[in-house]
file start-v1.csv (CSV, C-alpha atoms)
chain,number,residue,atom,x,y,z
A,1,MET,CA,127.3,47.9,101.5
A,2,LYS,CA,127.6,46.1,104.8
A,3,ILE,CA,127.1,48.2,108.0
A,4,GLY,CA,128.8,47.0,111.2
A,5,VAL,CA,126.6,47.2,114.3
A,6,PHE,CA,127.9,47.2,117.8
A,7,TYR,CA,124.9,46.1,119.8
A,8,VAL,CA,124.8,47.4,123.4
A,9,VAL,CA,122.1,45.9,125.7
A,10,SER,CA,122.0,45.5,129.5
A,11,GLU,CA,122.4,42.1,131.1
A,12,THR,CA,119.3,42.4,133.2
A,13,ALA,CA,115.9,40.8,132.7
A,14,ALA,CA,114.9,43.9,130.7
A,15,ALA,CA,117.3,42.8,127.9
A,16,GLU,CA,114.9,40.1,126.8
A,17,ILE,CA,112.2,42.7,126.3
A,18,ALA,CA,114.6,45.0,124.5
A,19,ASN,CA,115.8,42.2,122.2
A,20,SER,CA,112.2,41.4,121.2
A,21,ASP,CA,111.8,45.0,120.0
A,22,ASN,CA,115.3,45.7,118.7
A,23,TYR,CA,115.9,42.7,116.4
A,24,PRO,CA,112.8,43.1,114.3
A,25,TRP,CA,113.4,46.9,114.1
A,26,LEU,CA,117.0,46.3,112.8
A,27,LYS,CA,115.6,43.9,110.2
A,28,LYS,CA,113.1,46.6,109.1
A,29,LEU,CA,115.9,49.1,108.8
A,30,THR,CA,117.8,46.7,106.6
A,31,GLU,CA,114.8,46.5,104.3
A,32,MET,CA,114.2,50.2,104.3
A,33,THR,CA,117.9,51.2,103.7
A,34,GLY,CA,118.8,48.4,101.3
A,35,HIS,CA,122.0,47.9,103.3
A,36,GLU,CA,122.9,44.7,105.2
A,37,PHE,CA,123.5,45.1,109.0
A,38,GLU,CA,125.9,42.8,110.7
A,39,MET,CA,126.3,42.5,114.5
A,40,ALA,CA,130.0,42.7,115.2
A,41,ASP,CA,132.4,42.6,118.1
A,42,PRO,CA,134.1,46.0,118.8
A,43,LYS,CA,137.5,44.7,117.8
A,44,ASP,CA,136.2,43.8,114.3
A,45,LEU,CA,134.4,47.1,113.5
A,46,LYS,CA,137.4,48.5,111.7
A,47,ASP,CA,136.6,46.3,108.8
A,48,TYR,CA,133.3,48.1,108.0
A,49,ASP,CA,132.8,51.3,106.0
A,50,LEU,CA,130.1,52.5,108.4
A,51,VAL,CA,129.6,51.5,112.1
A,52,LEU,CA,126.5,52.1,114.1
A,53,ASP,CA,126.5,51.8,117.9
A,54,PHE,CA,123.1,50.4,118.6
A,55,ILE,CA,122.1,51.5,122.2
A,56,GLY,CA,119.5,48.8,122.8
A,57,GLY,CA,118.1,50.1,126.1
A,58,GLY,CA,118.7,51.7,129.4
A,59,GLY,CA,121.5,50.8,131.8
A,60,THR,CA,124.0,50.4,128.9
A,61,GLU,CA,126.2,53.4,129.5
A,62,GLY,CA,128.9,51.5,131.4
A,63,ILE,CA,128.9,48.6,128.9
A,64,PHE,CA,129.4,51.1,126.1
A,65,LEU,CA,132.2,52.9,127.9
A,66,LYS,CA,134.2,49.6,128.4
A,67,SER,CA,134.4,49.3,124.5
A,68,LEU,CA,134.8,52.9,123.6
A,69,GLU,CA,138.6,52.7,122.9
A,70,MET,CA,137.8,50.1,120.2
A,71,LEU,CA,135.0,52.0,118.5
A,72,PRO,CA,135.7,54.1,115.4
A,73,GLU,CA,134.9,57.8,115.5
A,74,PRO,CA,132.5,59.5,115.1
A,75,CYS,CA,130.2,57.4,117.3
A,76,PHE,CA,126.7,57.1,115.6
A,77,LEU,CA,124.3,56.1,118.4
A,78,LEU,CA,121.4,54.3,116.9
A,79,THR,CA,118.5,54.7,119.2
A,80,THR,CA,114.9,53.5,119.5
A,81,GLY,CA,111.9,55.1,121.2
A,82,ALA,CA,111.5,52.3,123.8
A,83,ASN,CA,113.2,50.7,126.8
A,84,ASN,CA,115.1,53.9,127.8
A,85,SER,CA,117.3,53.6,124.7
A,86,LEU,CA,117.2,57.4,124.1
A,87,ALA,CA,117.9,58.3,127.7
A,88,ALA,CA,121.0,56.1,127.7
A,89,SER,CA,122.1,57.5,124.4
A,90,MET,CA,121.9,61.1,125.7
A,91,GLU,CA,124.0,60.2,128.7
A,92,ILE,CA,126.6,58.6,126.4
A,93,LEU,CA,126.6,61.5,124.0
A,94,SER,CA,127.2,63.9,126.9
A,95,TYR,CA,130.2,61.8,127.9
A,96,LEU,CA,131.5,61.8,124.4
A,97,ARG,CA,131.2,65.6,124.2
A,98,GLN,CA,133.0,66.1,127.5
A,99,HIS,CA,135.9,64.1,126.1
A,100,ASP,CA,136.0,65.7,122.6
A,101,ILE,CA,134.8,62.6,120.9
A,102,ALA,CA,132.5,63.2,117.9
A,103,GLY,CA,129.1,61.6,118.0
A,104,GLU,CA,125.5,61.9,117.0
A,105,ILE,CA,122.2,60.3,118.2
A,106,ILE,CA,120.3,58.8,115.3
A,107,HIS,CA,116.7,58.9,116.5
A,108,GLY,CA,113.3,59.6,115.0
A,109,SER,CA,110.7,58.0,112.8
A,110,ASP,CA,111.7,54.9,110.9
A,111,GLU,CA,111.7,56.9,107.7
A,112,TYR,CA,114.0,59.5,109.2
A,113,VAL,CA,116.4,57.0,110.7
A,114,ALA,CA,116.6,55.1,107.4
A,115,LYS,CA,117.3,58.3,105.5
A,116,ARG,CA,120.0,59.4,107.9
A,117,ILE,CA,121.7,56.0,107.8
A,118,ASN,CA,121.7,56.1,104.0
A,119,GLN,CA,123.2,59.6,104.1
A,120,LEU,CA,126.0,58.4,106.4
A,121,ALA,CA,126.5,55.3,104.2
A,122,ALA,CA,126.8,57.5,101.1
A,123,ILE,CA,129.3,59.7,102.8
A,124,SER,CA,131.4,56.9,104.1
A,125,ALA,CA,131.5,55.1,100.7
A,126,ALA,CA,132.4,58.4,98.9
A,127,LYS,CA,135.1,59.2,101.3
A,128,LYS,CA,136.6,55.7,101.0
A,129,ARG,CA,136.5,55.8,97.2
A,130,MET,CA,138.1,59.2,97.0
A,131,GLN,CA,140.9,58.3,99.3
A,132,ASN,CA,142.2,56.1,96.4
A,133,PHE,CA,141.6,58.6,93.6
A,134,THR,CA,144.3,59.8,91.2
A,135,PHE,CA,143.8,63.1,89.4
A,136,ALA,CA,146.0,64.6,86.7
A,137,ARG,CA,146.8,68.2,85.8
A,138,VAL,CA,147.3,68.1,82.1
A,139,GLY,CA,149.3,71.4,81.8
A,140,GLU,CA,149.2,74.1,84.4
A,141,PRO,CA,146.1,76.0,85.5
A,142,SER,CA,145.1,78.8,83.0
A,143,ASP,CA,146.8,82.1,83.7
A,144,TRP,CA,143.6,83.8,85.0
A,145,LEU,CA,142.9,81.1,87.6
A,146,ILE,CA,145.1,82.8,90.2
A,147,ALA,CA,143.3,81.2,93.2
A,148,SER,CA,142.6,77.7,91.8
A,149,ASP,CA,145.6,75.4,92.3
A,150,THR,CA,146.1,72.8,95.0
A,151,ASN,CA,149.2,71.5,96.8
A,152,ALA,CA,149.6,67.9,95.7
A,153,GLU,CA,151.5,66.7,98.8
A,154,ALA,CA,148.9,68.2,101.1
A,155,SER,CA,146.1,66.6,99.1
A,156,LEU,CA,147.6,63.2,99.4
A,157,GLU,CA,148.3,63.6,103.2
A,158,LEU,CA,144.9,65.1,104.1
A,159,ASN,CA,142.5,63.3,101.8
A,160,GLY,CA,144.4,60.5,100.1
A,161,ILE,CA,143.9,62.0,96.7
A,162,ARG,CA,147.0,61.7,94.5
A,163,ILE,CA,147.6,64.6,92.0
A,164,ILE,CA,150.0,64.0,89.2
A,165,ASP,CA,151.2,66.3,86.4
A,166,ILE,CA,151.2,65.3,82.7
A,167,PRO,CA,153.1,67.7,80.4
A,168,MET,CA,151.1,69.4,77.6
A,169,GLU,CA,153.8,67.9,75.2
A,170,GLU,CA,152.7,64.4,76.0
A,171,PHE,CA,149.0,65.3,75.5
A,172,LEU,CA,149.8,67.0,72.2
A,173,GLU,CA,151.7,63.8,71.0
A,174,GLU,CA,148.6,61.8,71.8
A,175,ILE,CA,146.3,64.2,69.9
A,176,ALA,CA,148.6,63.9,66.9
A,177,HIS,CA,147.7,60.2,66.5
A,178,LYS,CA,144.2,61.4,65.4
A,179,GLU,CA,142.5,58.3,66.9
A,180,TYR,CA,139.6,57.7,69.3
A,181,GLU,CA,137.4,54.7,70.2
A,182,ALA,CA,133.8,55.1,69.1
A,183,ASN,CA,131.1,54.7,71.7
A,184,GLU,CA,127.5,55.9,72.3
A,185,TYR,CA,128.5,59.4,73.1
A,186,THR,CA,130.9,59.9,70.1
A,187,GLU,CA,128.2,58.6,67.8
A,188,LYS,CA,125.6,60.9,69.4
A,189,VAL,CA,127.9,63.9,68.8
A,190,LEU,CA,128.5,62.9,65.2
A,191,SER,CA,124.8,62.4,64.6
A,192,LYS,CA,124.0,66.0,65.2
A,193,GLY,CA,125.1,66.9,61.7
A,194,TYR,CA,127.6,69.6,62.7
A,195,ASP,CA,130.8,70.1,60.6
A,196,GLU,CA,132.3,66.6,60.5
A,197,ASN,CA,135.9,67.8,60.3
A,198,GLU,CA,135.4,70.0,63.4
A,199,VAL,CA,133.8,67.2,65.3
A,200,LEU,CA,136.5,64.7,64.4
A,201,GLU,CA,139.3,67.1,65.5
A,202,ALA,CA,137.4,67.4,68.8
A,203,LEU,CA,137.0,63.7,69.1
A,204,TYR,CA,140.8,63.2,68.6
A,205,ILE,CA,141.3,65.3,71.7
A,206,TYR,CA,138.9,63.0,73.5
A,207,GLY,CA,140.8,60.0,72.3
A,208,ALA,CA,144.1,61.5,73.5
A,209,LEU,CA,142.7,62.1,77.0
A,210,LYS,CA,141.1,58.7,77.2
A,211,ARG,CA,144.4,57.1,76.5
A,212,LEU,CA,146.1,59.1,79.2
A,213,VAL,CA,143.3,58.1,81.6
A,214,LYS,CA,144.1,54.4,80.9
A,215,LYS,CA,147.8,54.9,81.0
A,216,TYR,CA,147.9,56.6,84.4
A,217,GLU,CA,144.8,54.9,85.8
A,218,LEU,CA,143.1,58.2,86.4
A,219,ASN,CA,139.8,58.9,88.2
A,220,GLY,CA,139.8,62.4,86.9
A,221,LEU,CA,141.7,65.2,85.2
A,222,THR,CA,141.8,68.9,84.5
A,223,VAL,CA,143.2,70.4,81.2
A,224,ARG,CA,144.8,73.6,80.3
A,225,CYS,CA,142.3,73.6,77.5
A,226,PHE,CA,142.5,77.2,76.2
A,227,ASP,CA,146.0,76.4,74.9
A,228,LEU,CA,144.4,74.0,72.4
A,229,LEU,CA,142.8,76.9,70.6
A,230,GLY,CA,146.1,78.0,69.2
A,231,LEU,CA,148.0,74.7,69.2
A,232,VAL,CA,145.5,72.4,67.4
A,233,HIS,CA,142.8,74.9,66.5
A,234,SER,CA,140.1,73.0,68.4
A,235,THR,CA,138.6,72.8,71.8
A,236,GLY,CA,138.5,70.4,74.7
A,237,CYS,CA,134.7,70.8,75.3
A,238,THR,CA,133.8,67.5,73.5
A,239,ALA,CA,136.4,65.5,75.3
A,240,LEU,CA,135.4,66.7,78.8
A,241,ALA,CA,131.7,66.3,77.9
A,242,ILE,CA,132.2,62.6,77.0
A,243,LEU,CA,134.7,61.8,79.8
A,244,ASN,CA,132.3,63.2,82.4
A,245,ALA,CA,129.4,61.2,81.0
A,246,GLU,CA,131.6,58.1,81.3
A,247,GLY,CA,132.2,58.8,85.0
A,248,ILE,CA,135.8,60.2,84.6
A,249,TYR,CA,135.7,63.6,86.4
A,250,SER,CA,137.0,66.2,84.0
A,251,SER,CA,137.3,69.9,84.7
A,252,CYS,CA,138.3,72.8,82.4
A,253,GLU,CA,141.2,75.2,82.5
A,254,GLY,CA,143.5,73.3,84.9
A,255,ASP,CA,141.1,74.1,87.8
A,256,VAL,CA,142.0,71.5,90.5
A,257,PRO,CA,139.6,72.7,93.2
A,258,ALA,CA,136.8,72.5,90.7
A,259,LEU,CA,137.8,69.0,89.8
A,260,VAL,CA,137.9,68.0,93.5
A,261,SER,CA,134.5,69.6,94.0
A,262,MET,CA,133.1,67.9,90.9
A,263,ALA,CA,134.3,64.5,92.1
A,264,LEU,CA,133.0,64.9,95.6
A,265,LEU,CA,129.5,66.1,94.4
A,266,GLY,CA,129.4,63.2,91.9
A,267,GLU,CA,130.5,60.6,94.4
A,268,LEU,CA,128.0,61.7,97.0
A,269,THR,CA,125.0,62.0,94.8
A,270,GLY,CA,125.6,59.7,91.8
A,271,GLU,CA,124.6,62.6,89.5
A,272,PRO,CA,126.4,64.0,86.5
A,273,VAL,CA,128.0,67.4,87.4
A,274,PHE,CA,128.0,70.6,85.4
A,275,MET,CA,131.0,72.9,85.9
A,276,ALA,CA,130.0,76.5,85.2
A,277,ASN,CA,130.9,80.2,85.6
A,278,PRO,CA,128.6,82.4,87.6
A,279,SER,CA,127.9,84.9,84.7
A,280,ARG,CA,125.3,87.3,86.0
A,281,ILE,CA,123.9,87.8,89.5
A,282,ASP,CA,120.8,89.7,90.6
A,283,PRO,CA,121.1,90.3,94.4
A,284,GLU,CA,117.6,91.9,94.5
A,285,LYS,CA,115.9,88.8,93.1
A,286,ASN,CA,118.4,86.4,94.5
A,287,GLU,CA,118.9,84.8,91.1
A,288,MET,CA,121.9,84.1,88.9
A,289,ILE,CA,122.9,82.8,85.5
A,290,LEU,CA,125.6,80.0,85.3
A,291,ALA,CA,127.1,79.2,82.0
A,292,HIS,CA,129.8,77.1,80.3
A,293,CYS,CA,130.6,75.5,76.9
A,294,THR,CA,130.7,71.9,78.1
A,295,LEU,CA,128.6,69.7,80.3
A,296,PRO,CA,128.3,65.9,80.8
A,297,LEU,CA,126.4,64.5,77.8
A,298,ASN,CA,124.3,62.3,80.1
A,299,MET,CA,123.0,65.3,82.0
A,300,PRO,CA,120.9,67.4,79.5
A,301,GLU,CA,117.6,66.3,78.0
A,302,ASP,CA,119.0,67.3,74.7
A,303,PHE,CA,121.9,69.3,73.3
A,304,SER,CA,123.0,71.2,70.2
A,305,ILE,CA,126.5,71.8,68.9
A,306,MET,CA,127.9,75.4,68.5
A,307,THR,CA,131.3,77.0,68.4
A,308,HIS,CA,133.2,77.6,71.5
A,309,PHE,CA,132.1,81.0,72.9
A,310,GLU,CA,135.4,82.8,73.6
A,311,SER,CA,137.1,81.7,70.4
A,312,GLN,CA,134.2,81.1,68.0
A,313,ILE,CA,135.9,77.9,66.8
A,314,GLY,CA,135.7,74.2,67.4
A,315,VAL,CA,132.9,72.3,69.1
A,316,ALA,CA,130.9,73.3,72.2
A,317,PHE,CA,127.5,72.3,73.6
A,318,ARG,CA,124.3,74.1,74.3
A,319,GLY,CA,122.5,71.6,76.7
A,320,HIS,CA,119.0,71.8,77.9
A,321,ILE,CA,118.9,70.7,81.6
A,322,ALA,CA,115.5,69.8,83.1
A,323,GLU,CA,114.0,72.6,85.2
A,324,GLY,CA,113.6,71.8,88.9
A,325,PRO,CA,115.7,71.2,92.0
A,326,VAL,CA,119.5,71.4,91.7
A,327,THR,CA,122.4,71.8,94.0
A,328,ILE,CA,125.2,74.4,93.7
A,329,PHE,CA,128.5,73.5,95.3
A,330,LYS,CA,132.2,74.4,95.6
A,331,CYS,CA,135.0,73.5,97.9
A,332,ASP,CA,138.7,74.3,97.9
A,333,GLY,CA,141.2,71.8,96.7
A,334,LEU,CA,141.9,70.3,100.1
A,335,MET,CA,138.3,70.1,101.1
A,336,GLU,CA,138.8,72.5,104.1
A,337,GLU,CA,136.3,75.2,103.0
A,338,TYR,CA,133.1,74.8,101.1
A,339,PHE,CA,129.8,76.4,100.0
A,340,VAL,CA,126.6,74.6,99.1
A,341,THR,CA,123.0,75.6,98.5
A,342,ASP,CA,119.9,73.9,97.2
A,343,ALA,CA,118.4,75.9,94.3
A,344,GLU,CA,115.8,75.8,91.6
A,345,LEU,CA,116.7,75.7,88.0
A,346,MET,CA,114.1,78.1,86.5
A,347,ASP,CA,115.1,78.4,82.8
A,348,ASN,CA,117.5,77.5,80.1
A,349,LEU,CA,118.7,80.6,78.3
A,350,THR,CA,120.3,81.4,74.9
A,351,ARG,CA,122.1,84.7,75.4
A,352,GLU,CA,124.5,85.7,72.6
A,353,ASN,CA,127.2,87.0,74.9
A,354,LEU,CA,127.6,84.1,77.3
A,355,CYS,CA,129.0,80.5,77.1
A,356,ARG,CA,126.8,78.0,75.3
A,357,THR,CA,124.9,76.2,78.1
A,358,GLN,CA,123.2,78.7,80.3
A,359,ILE,CA,120.9,78.2,83.2
A,360,LEU,CA,118.9,80.6,85.4
A,361,VAL,CA,118.8,79.5,89.0
A,362,LYS,CA,117.4,80.7,92.2
A,363,PRO,CA,119.5,79.6,95.2
A,364,GLU,CA,118.0,79.1,98.7
A,365,GLU,CA,121.1,80.7,100.2
A,366,SER,CA,121.9,84.4,99.5
A,367,VAL,CA,123.8,85.1,96.3
A,368,GLU,CA,125.8,87.5,98.4
A,369,TYR,CA,128.2,84.6,98.9
A,370,PHE,CA,129.3,84.9,95.3
A,371,LEU,CA,130.0,88.6,95.7
A,372,THR,CA,131.8,88.6,99.0
A,373,GLU,CA,133.1,85.1,99.9
A,374,SER,CA,133.2,83.1,96.7
A,375,ILE,CA,135.6,80.1,96.5
A,376,GLY,CA,137.1,80.8,93.2
A,377,ASN,CA,135.2,81.3,89.9
A,378,HIS,CA,133.9,77.9,88.8
A,379,HIS,CA,131.0,76.2,90.7
A,380,LEU,CA,129.4,72.8,90.3
A,381,ILE,CA,125.8,72.0,89.7
A,382,CYS,CA,123.9,68.7,89.8
A,383,LYS,CA,120.2,67.7,89.7
A,384,GLY,CA,118.3,67.3,93.0
A,385,HIS,CA,118.6,68.9,96.4
A,386,HIS,CA,121.6,67.6,98.2
A,387,ALA,CA,122.8,70.4,100.5
A,388,GLN,CA,122.0,68.5,103.7
A,389,LEU,CA,124.1,65.6,102.4
A,390,ILE,CA,127.0,67.9,101.6
A,391,HIS,CA,126.8,69.5,105.0
A,392,THR,CA,126.8,66.1,106.7
A,393,PHE,CA,129.9,65.1,104.8
A,394,PHE,CA,131.8,68.1,106.0
A,395,GLU,CA,130.5,67.7,109.5
A,396,TRP,CA,131.8,64.1,109.8
A,397,MET,CA,134.6,63.8,107.2
call {"tool": "encode", "arguments": {"input": "start-v1.csv", "output": "structure tokens"}}
result
Amino acid sequence: MKIGVFYVVSETAAAEIANSDNYPWLKKLTEMTGHEFEMADPKDLKDYDLVLDFIGGGGTEGIFLKSLEMLPEPCFLLTTGANNSLAASMEILSYLRQHDIAGEIIHGSDEYVAKRINQLAAISAAKKRMQNFTFARVGEPSDWLIASDTNAEASLELNGIRIIDIPMEEFLEEIAHKEYEANEYTEKVLSKGYDENEVLEALYIYGALKRLVKKYELNGLTVRCFDLLGLVHSTGCTALAILNAEGIYSSCEGDVPALVSMALLGELTGEPVFMANPSRIDPEKNEMILAHCTLPLNMPEDFSIMTHFESQIGVAFRGHIAEGPVTIFKCDGLMEEYFVTDAELMDNLTRENLCRTQILVKPEESVEYFLTESIGNHHLICKGHHAQLIHTFFEWM
């Protein structure tokens, strides 16, 4: 990723001293971040995914102001600890705030600055990719998801995400072909030794969805999957597990907000994303169990095959996810409201009366959110602590 840099330095004799400090520092940041920095004229900055306004020293406030109309918002003021760079940036930021222009001073240790730039780069890249995404609703949301649909026109206007509808009839016609293309994940599922006829029926559903993905050039989809129990006497768990492992965001039950949340979390972190139900909550211990019958097959350390919990038919997965840091996230379908918390995955459970993959987690934020302000039912989990990254995305999106 190339980062555009608007370099602001005074035209006094002090500029030579500042340059001797600033250019080597910028080169060091290039090495630390892994991103290429390019000095650019203000009129050309629109061509970059991320722009940094490098305040190279003192006495630069007026120079910055002359170019402000050409600078993209928010204004990220890259600042050193020398040559009055920070003082000038603080004056500039105060001006920006007075004129309701979003901005932030990026200042601190080299490690902090590099980390912050990488966060902003990840946010910028994710936002740009998602603005070109196409999602499909294959059938309507399940009847019990009364708060989990999204206005397609508003989605396109606000976030650039196109949402289309594919009738269940077209999906069922594809399933009837009883075909799928083999890959490492289909072979891995077949190798588990589960009932071959059941697995093949589940893989035909995967093949049907994969063909729809190619036909409509989809980045993600959500399926009214419970209808499959009666219509084809099988489940969509295998299809969604493989599609998610392949990088095609796939949510259950026609839940569009969960799909948008899944895609955003995946694009920001690069991690596979597990969609799950909060199943049990202990407010006194601030712990909870999240469970579902499918998960990306590239996420668990290992998995076993079982029947789907609610129907006791078909193919579902009990995955064992590594204990350690995770992130729990959910936003609404238009990305206007969100919840995120870092958490610790404490244990993988095998309760008889819950969906097949079950994890016990301890969030850093209070579990009261799930009891008083929850954004729908399904929430999304990925490995690692990424709450700060999510907060930054919503701060600057």
call {"tool": "residues_around", "arguments": {"input": "start-v1.csv", "residues": "Glu140 of chain A", "least_positions_apart": "5", "cutoff": "10 Å", "atoms": "only C-alpha atoms", "output": "VMD selection string"}}
result
chain A and resid 145 149 165 to 168 222 to 225 253 to 256
call {"tool": "write_last_selection", "arguments": {"input": "start-v1.csv", "atoms": "C-alpha atoms", "output": "PDB file, keeping the file's coordinate frame"}}
result
ATOM      1  CA  LEU A 145     142.900  81.100  87.600  1.00  0.00           C
ATOM      2  CA  ASP A 149     145.600  75.400  92.300  1.00  0.00           C
ATOM      3  CA  ASP A 165     151.200  66.300  86.400  1.00  0.00           C
ATOM      4  CA  ILE A 166     151.200  65.300  82.700  1.00  0.00           C
ATOM      5  CA  PRO A 167     153.100  67.700  80.400  1.00  0.00           C
ATOM      6  CA  MET A 168     151.100  69.400  77.600  1.00  0.00           C
ATOM      7  CA  THR A 222     141.800  68.900  84.500  1.00  0.00           C
ATOM      8  CA  VAL A 223     143.200  70.400  81.200  1.00  0.00           C
ATOM      9  CA  ARG A 224     144.800  73.600  80.300  1.00  0.00           C
ATOM     10  CA  CYS A 225     142.300  73.600  77.500  1.00  0.00           C
ATOM     11  CA  GLU A 253     141.200  75.200  82.500  1.00  0.00           C
ATOM     12  CA  GLY A 254     143.500  73.300  84.900  1.00  0.00           C
ATOM     13  CA  ASP A 255     141.100  74.100  87.800  1.00  0.00           C
ATOM     14  CA  VAL A 256     142.000  71.500  90.500  1.00  0.00           C
TER      15      VAL A 256
END
call {"tool": "residues_around", "arguments": {"input": "start-v1.csv", "residues": "segment 377-387 of chain A", "least_positions_apart": "4", "cutoff": "9 Å", "atoms": "only C-alpha atoms", "output": "ChimeraX atom specification"}}
result
/A:145,147-148,255,257-258,261-262,265-266,268-269,271-278,290,299,321-322,324-331,340-345,370,391-392
call {"tool": "closest_residue", "arguments": {"input": "start-v1.csv", "among": "A:Arg162, A:Lys115, A:Arg97, A:Lys2", "to": "Phe135 of chain A", "atoms": "all atoms listed in the file"}}
result
A:Arg162
call {"tool": "residues_around", "arguments": {"input": "start-v1.csv", "residues": "Thr294 of chain A", "least_positions_apart": "6", "cutoff": "10 Å", "atoms": "all atoms listed in the file", "output": "list in words"}}
result
Gly236, Cys237, Thr238, Ala239, Leu240, Ala241, Ile242, Asn244, Ser251, Cys252, Phe274, Met275, Ala276, His308, Val315, Ala316, Phe317, Arg318, Gly319, Cys355, Arg356 and Thr357 of chain A
call {"tool": "closest_residue", "arguments": {"input": "start-v1.csv", "among": "A:Asn84, A:Ser67, A:Thr79, A:Ser124", "to": "Tyr48 of chain A", "atoms": "all atoms listed in the file"}}
result
A:Ser124
call {"tool": "atom_distance", "arguments": {"input": "start-v1.csv", "atom1": "atom CA of Asn197 of chain A", "atom2": "atom CA of Leu354 of chain A"}}
result
25.0 Å
call {"tool": "atom_distance", "arguments": {"input": "start-v1.csv", "atom1": "atom CA of Tyr249 of chain A", "atom2": "atom CA of Glu179 of chain A"}}
result
21.3 Å
call {"tool": "closest_residue", "arguments": {"input": "start-v1.csv", "among": "A:Glu217, A:Val232, A:Gly160, A:Glu301", "to": "Glu173 of chain A", "atoms": "only C-alpha atoms"}}
result
A:Val232
call {"tool": "atom_distance", "arguments": {"input": "start-v1.csv", "atom1": "atom CA of Tyr216 of chain A", "atom2": "atom CA of Gly247 of chain A"}}
result
15.9 Å
call {"tool": "residues_around", "arguments": {"input": "start-v1.csv", "residues": "Val260 of chain A", "least_positions_apart": "6", "cutoff": "8 Å", "atoms": "all atoms listed in the file", "output": "ChimeraX atom specification"}}
result
/A:331-333,335
call {"tool": "closest_residue", "arguments": {"input": "start-v1.csv", "among": "A:Leu295, A:Val367, A:Ile175, A:Met90", "to": "Arg211 of chain A", "atoms": "all atoms listed in the file"}}
result
A:Ile175
call {"tool": "residues_near_point", "arguments": {"input": "start-v1.csv", "point": "(122.8, 84.0, 82.6)", "cutoff": "12 Å", "atoms": "all atoms listed in the file", "output": "PDB file with C-alpha atoms, in the frame of the given file"}}
result
ATOM      1  CA  ALA A 276     130.000  76.500  85.200  1.00  0.00           C
ATOM      2  CA  ASN A 277     130.900  80.200  85.600  1.00  0.00           C
ATOM      3  CA  PRO A 278     128.600  82.400  87.600  1.00  0.00           C
ATOM      4  CA  SER A 279     127.900  84.900  84.700  1.00  0.00           C
ATOM      5  CA  ARG A 280     125.300  87.300  86.000  1.00  0.00           C
ATOM      6  CA  ILE A 281     123.900  87.800  89.500  1.00  0.00           C
ATOM      7  CA  ASP A 282     120.800  89.700  90.600  1.00  0.00           C
ATOM      8  CA  GLU A 287     118.900  84.800  91.100  1.00  0.00           C
ATOM      9  CA  MET A 288     121.900  84.100  88.900  1.00  0.00           C
ATOM     10  CA  ILE A 289     122.900  82.800  85.500  1.00  0.00           C
ATOM     11  CA  LEU A 290     125.600  80.000  85.300  1.00  0.00           C
ATOM     12  CA  ALA A 291     127.100  79.200  82.000  1.00  0.00           C
ATOM     13  CA  HIS A 292     129.800  77.100  80.300  1.00  0.00           C
ATOM     14  CA  LEU A 345     116.700  75.700  88.000  1.00  0.00           C
ATOM     15  CA  MET A 346     114.100  78.100  86.500  1.00  0.00           C
ATOM     16  CA  ASP A 347     115.100  78.400  82.800  1.00  0.00           C
ATOM     17  CA  ASN A 348     117.500  77.500  80.100  1.00  0.00           C
ATOM     18  CA  LEU A 349     118.700  80.600  78.300  1.00  0.00           C
ATOM     19  CA  THR A 350     120.300  81.400  74.900  1.00  0.00           C
ATOM     20  CA  ARG A 351     122.100  84.700  75.400  1.00  0.00           C
ATOM     21  CA  GLU A 352     124.500  85.700  72.600  1.00  0.00           C
ATOM     22  CA  ASN A 353     127.200  87.000  74.900  1.00  0.00           C
ATOM     23  CA  LEU A 354     127.600  84.100  77.300  1.00  0.00           C
ATOM     24  CA  CYS A 355     129.000  80.500  77.100  1.00  0.00           C
ATOM     25  CA  ARG A 356     126.800  78.000  75.300  1.00  0.00           C
ATOM     26  CA  THR A 357     124.900  76.200  78.100  1.00  0.00           C
ATOM     27  CA  GLN A 358     123.200  78.700  80.300  1.00  0.00           C
ATOM     28  CA  ILE A 359     120.900  78.200  83.200  1.00  0.00           C
ATOM     29  CA  LEU A 360     118.900  80.600  85.400  1.00  0.00           C
ATOM     30  CA  VAL A 361     118.800  79.500  89.000  1.00  0.00           C
ATOM     31  CA  LYS A 362     117.400  80.700  92.200  1.00  0.00           C
TER      32      LYS A 362
END
call {"tool": "residues_around", "arguments": {"input": "start-v1.csv", "residues": "segment 117-119 of chain A", "least_positions_apart": "5", "cutoff": "10 Å", "atoms": "all atoms listed in the file", "output": "list in words"}}
result
Ile3, Leu29, Met32, Thr33, Gly34, His35, Leu50, Leu52, Phe76, Leu78, Ile106, Tyr112, Ser124, Leu268, Thr269, Gln388, Leu389, Ile390, Thr392 and Phe393 of chain A
